[in-house]
Amino acid sequence: MAKRPRQAAQPKSESNVHPLYGRAAQGRWDPLGEEQRDQSYVKKVRPQSDNQRELLEALEERNLTLALGPAGTGKTYLAISAAVEALDEGRVGRIVLSRPAVEAGESLGFLPGDLQEKMAPYLRPLYDALSDRLGGKRLRGCLADGSIEIAPVAYMRGRTLNNAFVVIDEAQNCTYGQIKMLLTRLGWHSTMVLTGDPDQTDLLPGMSGLSDIAERLSVLPEVAVVYLDEHDIVRHPLVGAMLTVL
């Protein structure tokens, strides 16, 4: 008995079930795609006051700058912006950010995790400023390859920071000895900036060394000491008003 010829396979009909976000494969919006939802970043930062302009000019011209002023004057943001621009332009090979692990009057006890996880709550403001300038995806890459390093003050002793842009944030929570140690980490082809508000220290009275250090270094022409005030505040206008009466 002759066999009937095999018929060509019929194409399968499309399923009646369609993925809700199937268009994501075509490069469209995906609610679960972290890379696609990465926030935009600020490419260029412009000063909002004369003192902020003076600070940015000092960061470009001097190897050591101290920025002192109340909260909200953009000290940390401008310093990190200058560091990112220096890294992008190839003037430095890496960015080193440091901050003292001092609690604001409230003890959190022992935190779980490794060193990076323990320090994360204290360094969160630095991560926020970096993410705003670089975007989350690029920031993760820079942290992974070491071009951006975030370290606590306690781990800075003994280092020499060459070809780096060093930002010491919240320096009002450092003692005179700690700031002296940090200043002597400055190496060749490097820029260092210390930011802080002497009126908002979380140390015991008389322990903060920022004001004393700034006064002593102000006589050196190679060092820039920039003072900002309530007129330079870029947060809510009520912040500046409160600082005049508190």
# chains A, B, ... in the order shown; residues from 1 in each chain; ligands from 1
>>> residues_around(residues="region 148-163 of chain A", least_positions_apart="5", cutoff="6 Å", atoms="only C-alpha atoms", output="list in words")
Val92, Gly93, Arg94, Ile95, Val96, Leu97, Ser98, Arg99, Pro100, Cys142, Leu143, Arg185, Leu186, Gly187, Trp188, His189 and Ser190 of chain A
>>> closest_atom_pairs(of="region 126-180 of chain A", to="region 52-60 of chain A", cutoff="12 Å", atoms="only C-alpha atoms", output="Markdown table")
| residue | atom | partner | partner_atom | distance |
| --- | --- | --- | --- | --- |
| A:Phe165 | CA | A:Leu59 | CA | 9.9 |
| A:Val166 | CA | A:Leu59 | CA | 11.0 |
| A:Val167 | CA | A:Leu59 | CA | 10.8 |
>>> write_last_selection(atoms="C-alpha atoms", output="CSV table (one decimal), in the first residue's frame")
chain,number,residue,atom,x,y,z
A,165,PHE,CA,40.3,64.7,43.4
A,166,VAL,CA,39.7,64.3,47.1
A,167,VAL,CA,36.5,65.5,48.8
>>> atom_distance(atom1="CA of Arg133 (chain A)", atom2="CA of Leu238 (chain A)")
25.7 Å
>>> residues_around(residues="Gln172 (chain A)", least_positions_apart="6", cutoff="10 Å", atoms="only C-alpha atoms", output="list in words")
Leu68, Pro100, Ile179, Leu194, Thr195, Gly196, Asp197, Pro198, Asp199, Gln200, Thr201, Asp202, Leu203, Met207, Ser208, Gly209, Leu210 and Ser211 of chain A
>>> write_last_selection(atoms="N, CA, C and O atoms", output="tab-separated table (two decimals), in the first residue's frame")
chain	number	residue	atom	x	y	z
A	68	LEU	N	33.40	76.61	53.75
A	68	LEU	CA	32.68	76.66	55.02
A	68	LEU	C	31.39	77.43	54.83
A	68	LEU	O	31.38	78.52	54.22
A	100	PRO	N	33.37	61.50	57.86
A	100	PRO	CA	33.45	60.87	59.18
A	100	PRO	C	32.15	60.15	59.52
A	100	PRO	O	31.06	60.62	59.20
A	179	ILE	N	41.75	66.23	60.79
A	179	ILE	CA	41.87	67.10	59.61
A	179	ILE	C	43.33	67.25	59.21
A	179	ILE	O	43.66	67.23	58.02
A	194	LEU	N	37.80	70.49	51.42
A	194	LEU	CA	37.12	70.17	52.67
A	194	LEU	C	35.87	71.01	52.76
A	194	LEU	O	35.93	72.23	52.57
A	195	THR	N	34.74	70.39	53.03
A	195	THR	CA	33.48	71.11	53.17
A	195	THR	C	32.91	70.85	54.56
A	195	THR	O	33.07	69.76	55.12
A	196	GLY	N	32.25	71.86	55.11
A	196	GLY	CA	31.64	71.68	56.42
A	196	GLY	C	31.00	72.95	56.94
A	196	GLY	O	31.22	74.05	56.43
A	197	ASP	N	30.19	72.78	57.96
A	197	ASP	CA	29.51	73.88	58.63
A	197	ASP	C	29.95	73.88	60.10
A	197	ASP	O	29.51	73.03	60.87
A	198	PRO	N	30.83	74.80	60.49
A	198	PRO	CA	31.32	74.81	61.87
A	198	PRO	C	30.22	74.95	62.92
A	198	PRO	O	30.42	74.57	64.08
A	199	ASP	N	29.06	75.48	62.54
A	199	ASP	CA	27.98	75.68	63.50
A	199	ASP	C	27.10	74.45	63.67
A	199	ASP	O	26.18	74.47	64.50
A	200	GLN	N	27.35	73.39	62.92
A	200	GLN	CA	26.51	72.18	63.02
A	200	GLN	C	27.36	70.95	63.29
A	200	GLN	O	27.11	69.88	62.72
A	201	THR	N	28.33	71.05	64.16
A	201	THR	CA	29.14	69.89	64.49
A	201	THR	C	28.39	68.96	65.44
A	201	THR	O	27.61	69.41	66.29
A	202	ASP	N	28.59	67.67	65.26
A	202	ASP	CA	27.99	66.66	66.13
A	202	ASP	C	28.97	66.18	67.20
A	202	ASP	O	28.66	65.23	67.93
A	203	LEU	N	30.14	66.81	67.27
A	203	LEU	CA	31.12	66.47	68.29
A	203	LEU	C	30.84	67.29	69.55
A	203	LEU	O	30.05	68.24	69.55
A	207	MET	N	35.72	70.25	70.29
A	207	MET	CA	36.45	69.14	69.66
A	207	MET	C	36.63	69.33	68.16
A	207	MET	O	37.60	68.83	67.59
A	208	SER	N	35.71	70.03	67.49
A	208	SER	CA	35.82	70.21	66.05
A	208	SER	C	37.02	71.08	65.72
A	208	SER	O	37.25	72.12	66.35
A	209	GLY	N	37.79	70.67	64.72
A	209	GLY	CA	38.99	71.42	64.37
A	209	GLY	C	38.86	72.20	63.07
A	209	GLY	O	39.84	72.81	62.63
A	210	LEU	N	37.67	72.24	62.46
A	210	LEU	CA	37.53	72.85	61.14
A	210	LEU	C	37.80	74.35	61.18
A	210	LEU	O	38.55	74.88	60.34
A	211	SER	N	37.21	75.07	62.12
A	211	SER	CA	37.39	76.53	62.18
A	211	SER	C	38.84	76.89	62.44
A	211	SER	O	39.38	77.82	61.83
>>> select_by_dssp(residues="region 31-203 of chain A", states="alpha helix (DSSP H)", output="ChimeraX atom specification")
/A:50-61,75-88,115-134,136-145,176-183
>>> closest_residue(among="A:Cys174, A:Ile168, A:Ala79, A:Met192", to="Leu204 (chain A)", atoms="only C-alpha atoms")
A:Cys174
